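**Q** Data: coords06.cif, mmCIF, C-alpha atoms.
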data_structure
loop_
_atom_site.label_atom_id
_atom_site.label_comp_id
_atom_site.auth_asym_id
_atom_site.auth_seq_id
_atom_site.Cartn_x
_atom_site.Cartn_y
_atom_site.Cartn_z
CA GLN A 40 42.03 -32.42 -34.38
CA LYS A 41 41.12 -34.27 -31.21
CA GLU A 42 43.66 -36.81 -30.03
CA VAL A 43 41.07 -39.59 -29.85
CA GLU A 44 37.90 -39.37 -31.89
CA GLN A 45 34.70 -41.32 -31.63
CA ASN A 46 31.29 -40.86 -33.14
CA SER A 47 29.11 -39.62 -30.29
CA GLY A 48 26.05 -41.56 -31.50
CA PRO A 49 23.61 -42.63 -30.37
CA LEU A 50 24.19 -45.91 -32.13
CA SER A 51 20.86 -47.68 -32.16
CA VAL A 52 21.09 -51.46 -32.42
CA PRO A 53 18.33 -54.09 -32.34
CA GLU A 54 18.65 -56.71 -29.65
CA GLY A 55 20.70 -59.65 -30.88
CA ALA A 56 22.50 -57.65 -33.58
CA ILE A 57 26.15 -56.64 -33.75
CA ALA A 58 27.14 -53.18 -32.54
CA SER A 59 30.22 -51.78 -34.24
CA LEU A 60 32.07 -48.90 -32.59
CA ASN A 61 34.98 -47.05 -34.12
CA CYS A 62 37.79 -44.96 -32.73
CA THR A 63 40.67 -43.13 -34.41
CA TYR A 64 43.69 -41.64 -32.72
CA SER A 65 46.29 -39.10 -33.78
CA ASP A 66 49.38 -40.10 -31.79
CA ARG A 67 51.36 -42.67 -33.80
CA GLY A 68 53.34 -43.45 -30.66
CA SER A 69 50.25 -44.88 -28.94
CA GLN A 70 50.89 -48.45 -27.89
CA SER A 71 48.02 -49.68 -25.74
CA PHE A 72 44.36 -49.25 -26.45
CA PHE A 73 41.44 -49.65 -24.12
CA TRP A 74 37.68 -49.84 -24.28
CA TYR A 75 35.71 -48.73 -21.25
CA ARG A 76 31.97 -48.92 -20.72
CA GLN A 77 30.20 -46.23 -18.74
CA TYR A 78 26.60 -46.50 -17.67
CA SER A 79 24.77 -43.25 -17.06
CA GLY A 80 25.73 -41.83 -13.69
CA LYS A 81 28.39 -44.46 -13.11
CA SER A 82 32.15 -44.71 -13.41
CA PRO A 83 33.97 -46.15 -16.43
CA GLU A 84 34.74 -49.86 -16.24
CA LEU A 85 37.30 -51.63 -18.39
CA ILE A 86 35.94 -54.02 -21.02
CA MET A 87 39.18 -54.97 -22.69
CA PHE A 88 42.52 -53.75 -23.96
CA ILE A 89 44.54 -54.53 -27.07
CA TYR A 90 48.09 -53.72 -28.13
CA SER A 91 48.79 -55.94 -31.15
CA ASN A 92 47.41 -55.46 -34.63
CA GLY A 93 44.49 -57.74 -35.38
CA ASP A 94 41.56 -59.01 -33.38
CA LYS A 95 41.18 -59.86 -29.73
CA GLU A 96 38.07 -61.61 -28.51
CA ASP A 97 36.62 -61.72 -25.02
CA GLY A 98 33.17 -63.23 -24.76
CA ARG A 99 30.76 -61.19 -26.85
CA PHE A 100 33.32 -58.43 -27.33
CA THR A 101 35.96 -58.21 -30.05
CA ALA A 102 38.51 -55.43 -30.23
CA GLN A 103 40.26 -54.77 -33.53
CA LEU A 104 43.44 -52.75 -33.93
CA ASN A 105 45.07 -51.35 -37.05
CA LYS A 106 48.05 -49.22 -36.10
CA ALA A 107 48.89 -48.29 -39.69
CA SER A 108 45.45 -46.71 -40.04
CA GLN A 109 45.46 -45.50 -36.41
CA TYR A 110 42.14 -47.16 -35.90
CA VAL A 111 40.69 -49.30 -33.16
CA SER A 112 37.20 -50.73 -33.04
CA LEU A 113 34.93 -52.68 -30.75
CA LEU A 114 32.32 -55.19 -31.85
CA ILE A 115 29.58 -56.28 -29.51
CA ARG A 116 27.92 -59.48 -30.70
CA ASP A 117 24.41 -60.53 -29.70
CA SER A 118 23.75 -57.08 -28.26
CA GLN A 119 21.60 -57.01 -25.14
CA PRO A 120 19.62 -54.12 -23.64
CA SER A 121 22.11 -54.24 -20.75
CA ASP A 122 24.81 -53.20 -23.25
CA SER A 123 23.15 -49.80 -23.55
CA ALA A 124 25.83 -47.44 -22.28
CA THR A 125 28.53 -45.04 -23.45
CA TYR A 126 31.67 -46.74 -24.72
CA LEU A 127 34.92 -44.87 -24.25
CA CYS A 128 38.02 -45.52 -26.29
CA ALA A 129 41.33 -44.67 -24.61
CA VAL A 130 44.94 -44.80 -25.75
CA THR A 131 48.29 -44.55 -24.03
CA ARG A 132 51.99 -44.63 -24.70
CA LEU A 133 53.77 -47.36 -22.81
CA LYS A 134 56.53 -45.13 -21.54
CA ALA A 135 54.37 -42.21 -20.58
CA ALA A 136 54.81 -41.54 -16.93
CA GLY A 137 51.86 -42.61 -14.89
CA ASN A 138 50.04 -44.22 -17.79
CA LYS A 139 48.27 -41.16 -19.05
CA LEU A 140 45.13 -42.43 -20.72
CA THR A 141 43.73 -40.15 -23.39
CA PHE A 142 40.03 -40.72 -23.86
CA GLY A 143 37.70 -40.10 -26.74
CA GLY A 144 34.33 -38.49 -26.15
CA GLY A 145 32.53 -41.82 -26.16
CA THR A 146 29.88 -43.44 -28.32
CA ARG A 147 26.44 -43.86 -26.82
CA VAL A 148 24.90 -47.22 -27.66
CA LEU A 149 21.19 -47.97 -27.38
CA VAL A 150 20.11 -51.58 -27.71
CA LYS A 151 16.41 -51.82 -28.43
CA PRO A 152 14.44 -54.94 -27.46
CA ASP B 736 34.68 -53.84 -0.41
CA THR B 737 35.07 -50.75 -2.56
CA ALA B 738 38.42 -50.72 -4.37
CA VAL B 739 38.61 -46.98 -5.09
CA SER B 740 36.41 -44.88 -2.88
CA GLN B 741 35.93 -41.15 -2.99
CA THR B 742 33.95 -38.73 -0.89
CA PRO B 743 31.73 -36.85 -1.11
CA LYS B 744 29.67 -38.33 -3.94
CA TYR B 745 27.64 -35.17 -4.39
CA LEU B 746 28.72 -31.64 -3.61
CA VAL B 747 26.78 -28.45 -4.25
CA THR B 748 28.57 -25.27 -3.31
CA GLN B 749 28.65 -21.59 -4.07
CA MET B 750 31.12 -19.77 -6.26
CA GLY B 751 34.19 -18.64 -4.42
CA ASN B 752 34.12 -21.43 -1.86
CA ASP B 753 36.96 -23.86 -1.22
CA LYS B 754 36.22 -27.59 -1.22
CA SER B 755 38.04 -30.90 -1.03
CA ILE B 756 37.39 -34.35 -2.45
CA LYS B 757 39.04 -37.32 -0.80
CA CYS B 758 40.10 -40.58 -2.41
CA GLU B 759 41.38 -43.84 -1.05
CA GLN B 760 42.28 -47.10 -2.78
CA ASN B 761 42.73 -50.48 -1.13
CA LEU B 762 44.16 -52.27 -4.16
CA GLY B 763 47.78 -51.80 -3.19
CA HIS B 764 48.40 -49.77 -6.35
CA ASP B 765 51.29 -47.34 -6.58
CA THR B 766 49.74 -44.82 -8.97
CA MET B 767 46.68 -42.66 -8.44
CA TYR B 768 44.93 -40.16 -10.67
CA TRP B 769 42.35 -37.44 -10.82
CA TYR B 770 40.24 -37.26 -13.96
CA LYS B 771 37.59 -34.68 -14.79
CA GLN B 772 34.52 -35.46 -16.89
CA ASP B 773 32.67 -32.43 -18.16
CA SER B 774 29.09 -32.08 -19.32
CA LYS B 775 30.06 -33.29 -22.80
CA LYS B 776 31.34 -36.50 -21.23
CA PHE B 777 34.99 -35.92 -22.12
CA LEU B 778 37.18 -37.59 -19.54
CA LYS B 779 40.48 -35.75 -19.10
CA ILE B 780 43.37 -36.45 -16.82
CA MET B 781 44.27 -33.74 -14.35
CA PHE B 782 46.95 -35.22 -12.12
CA SER B 783 48.79 -38.44 -11.50
CA TYR B 784 50.86 -39.49 -8.49
CA ASN B 785 53.22 -42.42 -8.32
CA ASN B 786 54.28 -43.40 -4.83
CA LYS B 787 53.28 -39.96 -3.52
CA GLU B 788 55.27 -38.17 -6.23
CA LEU B 789 53.49 -35.91 -8.71
CA ILE B 790 54.27 -37.17 -12.21
CA ILE B 791 51.48 -35.80 -14.38
CA ASN B 792 50.19 -32.28 -14.01
CA GLU B 793 48.07 -31.33 -16.98
CA THR B 794 47.08 -27.79 -17.78
CA VAL B 795 44.93 -27.25 -14.76
CA PRO B 796 44.36 -23.92 -12.98
CA ASN B 797 46.50 -23.65 -9.88
CA ARG B 798 43.28 -23.35 -7.88
CA PHE B 799 43.37 -27.15 -8.04
CA SER B 800 45.88 -28.69 -5.69
CA PRO B 801 46.28 -32.44 -5.24
CA LYS B 802 47.80 -33.93 -2.12
CA SER B 803 48.97 -37.47 -1.59
CA PRO B 804 49.79 -38.21 2.06
CA ASP B 805 50.59 -41.83 1.16
CA LYS B 806 50.28 -44.02 -1.90
CA ALA B 807 46.79 -45.17 -0.92
CA HIS B 808 45.34 -41.66 -0.72
CA LEU B 809 45.02 -38.81 -3.16
CA ASN B 810 42.95 -35.79 -2.25
CA LEU B 811 41.92 -32.87 -4.42
CA HIS B 812 41.50 -29.40 -3.01
CA ILE B 813 39.87 -26.69 -5.08
CA ASN B 814 40.10 -23.02 -4.13
CA SER B 815 37.81 -20.20 -5.23
CA LEU B 816 35.37 -22.43 -7.05
CA GLU B 817 34.01 -21.20 -10.38
CA LEU B 818 30.90 -22.16 -12.32
CA GLY B 819 33.07 -23.89 -14.91
CA ASP B 820 34.42 -26.26 -12.29
CA SER B 821 31.06 -28.04 -12.25
CA ALA B 822 31.82 -31.58 -13.44
CA VAL B 823 32.28 -35.12 -12.27
CA TYR B 824 35.68 -35.77 -10.75
CA PHE B 825 36.91 -39.35 -10.86
CA CYS B 826 39.70 -40.69 -8.76
CA ALA B 827 41.48 -43.73 -10.18
CA SER B 828 44.40 -46.01 -9.48
CA SER B 829 46.65 -48.49 -11.25
CA GLN B 830 49.75 -50.55 -10.67
CA ASP B 831 52.47 -49.12 -12.89
CA ARG B 832 53.96 -52.12 -14.67
CA ARG B 833 54.94 -50.38 -17.90
CA GLN B 834 53.93 -53.39 -19.98
CA LEU B 835 52.16 -53.43 -23.31
CA SER B 836 49.35 -55.32 -21.64
CA GLY B 837 48.58 -52.06 -20.06
CA ASN B 838 48.07 -50.98 -16.55
CA THR B 839 44.40 -51.33 -15.92
CA ILE B 840 43.07 -48.17 -14.39
CA TYR B 841 40.29 -48.61 -11.85
CA PHE B 842 37.97 -45.70 -11.32
CA GLY B 843 36.16 -44.58 -8.22
CA GLU B 844 32.44 -43.86 -8.38
CA GLY B 845 32.92 -40.18 -9.03
CA SER B 846 32.18 -36.98 -7.18
CA TRP B 847 29.49 -34.79 -8.74
CA LEU B 848 30.46 -31.18 -8.13
CA THR B 849 27.93 -28.43 -8.84
CA VAL B 850 28.97 -24.84 -8.38
CA VAL B 851 26.09 -22.36 -8.15
#
Mind converting the file's structure to structure tokens?
**A**
Amino acid sequence: QKEVEQNSGPLSVPEGAIASLNCTYSDRGSQSFFWYRQYSGKSPELIMFIYSNGDKEDGRFTAQLNKASQYVSLLIRDSQPSDSATYLCAVTRLKAAGNKLTFGGGTRVLVKP
Amino acid sequence: DTAVSQTPKYLVTQMGNDKSIKCEQNLGHDTMYWYKQDSKKFLKIMFSYNNKELIINETVPNRFSPKSPDKAHLNLHINSLELGDSAVYFCASSQDRRQLSGNTIYFGEGSWLTVV
């Protein structure tokens, strides 16, 4: 079992719709959870992080965390073609030396006009 | 002003050669990393240095040797390159605060290594 699992996609979403991305993790000791966006040929850039159960909103993005189910998700509202990218979920333990981020394989999102 | 810069961006080399990738960050961070992203897009940590001290050393062949002359620089030297070393290598940095809010990791633009 991979430590962090994501559906590779592609997730095809019409422009203006909500894109829903899911991520599960195996390490119950994970404490901080991150979503990165990576455009093709570019480096990952942080969208948001979450560490408490529930929802966290930032603009059109909402991260949801359920530690009991070891599940974190990302919702993208009003999807735009510029949101087309690969979204990487990453988890870490707070006390891990050097903040070792463990990444999932990413979900590719395609927003169609 | 590039926060995390790495060179070269593209590198094509033959099997058996030795090559280095250099990384510098101007964010004042105390922790730097090397991540490898393979053709399947999995991003995996290789090494992490905190204030020039090696603190994470994942299962990486000893042909890979990181060097941190100071906390703003972390270089990666690879000996006897193999075909399987072809990947994108990302340098990254963060300020180690050990808080739940996380220590945002900033990535460099990547170095595309192709071994032929």
**Q** Hey, can you check how far atom CA of Pro743 of chain B sits from atom CA of Ser846 of chain B?
**A** 6.1 Å
**Q** I need the contact residues of chain B against chain A, so if you could list those with any atom within 10 Å, counting all atoms listed in the file, and return them as a VMD selection string, that would help.
**A** chain B and resid 765 to 768 770 772 775 to 785 789 to 791 823 to 847
**Q** Okay, now the selection with C-alpha atoms, as a short mmCIF file (atom, residue, chain, number, x, y, z; two decimals), keeping the file's coordinate frame?
**A**
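Okay, again.cif is ready:
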data_model
loop_
_atom_site.label_atom_id
_atom_site.label_comp_id
_atom_site.auth_asym_id
_atom_site.auth_seq_id
_atom_site.Cartn_x
_atom_site.Cartn_y
_atom_site.Cartn_z
CA ASP B 765 51.29 -47.34 -6.58
CA THR B 766 49.74 -44.82 -8.97
CA MET B 767 46.68 -42.66 -8.44
CA TYR B 768 44.93 -40.16 -10.67
CA TYR B 770 40.24 -37.26 -13.96
CA GLN B 772 34.52 -35.46 -16.89
CA LYS B 775 30.06 -33.29 -22.80
CA LYS B 776 31.34 -36.50 -21.23
CA PHE B 777 34.99 -35.92 -22.12
CA LEU B 778 37.18 -37.59 -19.54
CA LYS B 779 40.48 -35.75 -19.10
CA ILE B 780 43.37 -36.45 -16.82
CA MET B 781 44.27 -33.74 -14.35
CA PHE B 782 46.95 -35.22 -12.12
CA SER B 783 48.79 -38.44 -11.50
CA TYR B 784 50.86 -39.49 -8.49
CA ASN B 785 53.22 -42.42 -8.32
CA LEU B 789 53.49 -35.91 -8.71
CA ILE B 790 54.27 -37.17 -12.21
CA ILE B 791 51.48 -35.80 -14.38
CA VAL B 823 32.28 -35.12 -12.27
CA TYR B 824 35.68 -35.77 -10.75
CA PHE B 825 36.91 -39.35 -10.86
CA CYS B 826 39.70 -40.69 -8.76
CA ALA B 827 41.48 -43.73 -10.18
CA SER B 828 44.40 -46.01 -9.48
CA SER B 829 46.65 -48.49 -11.25
CA GLN B 830 49.75 -50.55 -10.67
CA ASP B 831 52.47 -49.12 -12.89
CA ARG B 832 53.96 -52.12 -14.67
CA ARG B 833 54.94 -50.38 -17.90
CA GLN B 834 53.93 -53.39 -19.98
CA LEU B 835 52.16 -53.43 -23.31
CA SER B 836 49.35 -55.32 -21.64
CA GLY B 837 48.58 -52.06 -20.06
CA ASN B 838 48.07 -50.98 -16.55
CA THR B 839 44.40 -51.33 -15.92
CA ILE B 840 43.07 -48.17 -14.39
CA TYR B 841 40.29 -48.61 -11.85
CA PHE B 842 37.97 -45.70 -11.32
CA GLY B 843 36.16 -44.58 -8.22
CA GLU B 844 32.44 -43.86 -8.38
CA GLY B 845 32.92 -40.18 -9.03
CA SER B 846 32.18 -36.98 -7.18
CA TRP B 847 29.49 -34.79 -8.74
#
**Q** Tell me, as JSON, numbers by chain, which residues lie within 10 Å of Pro152 of chain A, counting all atoms listed in the file; anything in the same chain fewer than 4 positions away does not count.
**A** {"A": [52, 53, 54, 55, 118, 119, 120]}
**Q** Those same residues - C-alpha atoms - I'd like them written as a short mmCIF file (atom, residue, chain, number, x, y, z; two decimals), in the coordinates of the input.
**A**
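The resulting part_5.cif:
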data_model
loop_
_atom_site.label_atom_id
_atom_site.label_comp_id
_atom_site.auth_asym_id
_atom_site.auth_seq_id
_atom_site.Cartn_x
_atom_site.Cartn_y
_atom_site.Cartn_z
CA VAL A 52 21.09 -51.46 -32.42
CA PRO A 53 18.33 -54.09 -32.34
CA GLU A 54 18.65 -56.71 -29.65
CA GLY A 55 20.70 -59.65 -30.88
CA SER A 118 23.75 -57.08 -28.26
CA GLN A 119 21.60 -57.01 -25.14
CA PRO A 120 19.62 -54.12 -23.64
#
**Q** Name the residues that the PyMOL selection byres ((chain B and resi 803) around 10) pulls out of this structure, and write them as a tab-separated table (two decimals) with C-alpha atoms, in the frame of the given file.
**A**
chain	number	residue	atom	x	y	z
B	757	LYS	CA	39.04	-37.32	-0.80
B	758	CYS	CA	40.10	-40.58	-2.41
B	759	GLU	CA	41.38	-43.84	-1.05
B	767	MET	CA	46.68	-42.66	-8.44
B	783	SER	CA	48.79	-38.44	-11.50
B	784	TYR	CA	50.86	-39.49	-8.49
B	785	ASN	CA	53.22	-42.42	-8.32
B	786	ASN	CA	54.28	-43.40	-4.83
B	787	LYS	CA	53.28	-39.96	-3.52
B	788	GLU	CA	55.27	-38.17	-6.23
B	789	LEU	CA	53.49	-35.91	-8.71
B	801	PRO	CA	46.28	-32.44	-5.24
B	802	LYS	CA	47.80	-33.93	-2.12
B	804	PRO	CA	49.79	-38.21	2.06
B	805	ASP	CA	50.59	-41.83	1.16
B	806	LYS	CA	50.28	-44.02	-1.90
B	807	ALA	CA	46.79	-45.17	-0.92
B	808	HIS	CA	45.34	-41.66	-0.72
B	809	LEU	CA	45.02	-38.81	-3.16
B	810	ASN	CA	42.95	-35.79	-2.25
B	811	LEU	CA	41.92	-32.87	-4.42
**Q** How many Å separate atom CA of Asn92 of chain A from atom CA of Ala124 of chain A?
**A**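 So the two atoms, atom CA of Asn92 of chain A and atom CA of Ala124 of chain A, lie 26.1 Å apart.
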**Q** How many Å lie between atom CA of Thr63 of chain A and atom CA of Val111 of chain A, rounded to one decimal?
**A**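 Those two atoms sit 6.3 Å apart.
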**Q** Show which residues sit within 12 Å of Phe799 of chain B, as number ranges by chain. Count only C-alpha atoms, and ignore same-chain residues fewer than 4 positions away.
**A** B: 753-756, 769, 771, 781-782, 792-795, 810-817, 820, 824
**Q** Assuming the chain letters and numbering stay as they are in my file, what does the PyMOL selection byres ((chain A and resi 116) around 8) actually select? List them as a list in words.
**A**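 This file gives the following for the PyMOL selection byres ((chain A and resi 116) around 8): Gly55, Ala56, Ile57, Ala58, Arg99, Phe100, Leu114, Ile115, Asp117 and Ser118 of chain A.
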**Q** Could you give me the axis-aligned bounding box of segment 56-64 of chain A, with 6 Å of padding per side, as centre plus edge lengths in Å to one decimal, as AutoDock Vina command-line options?
**A**
--center_x 33.1 --center_y -49.6 --center_z -33.5 --size_x 33.2 --size_y 28.0 --size_z 13.9
**Q** I want to know what sits within 10 Å of Tyr110 of chain A, based on all atoms listed in the file, with residues of the same chain fewer than 6 positions away left out; could you give that as a ChimeraX atom specification?
**A** /A:43-44,61-65,72,92,103-104
**Q** Rank A:Lys41, A:Ala102, A:Glu96, A:Lys151 by their smallest atom-to-atom distance to Asp66 of chain A, using only C-alpha atoms, and report the top residue only.
**A**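 The closest residue to Asp66 of chain A is A:Lys41.
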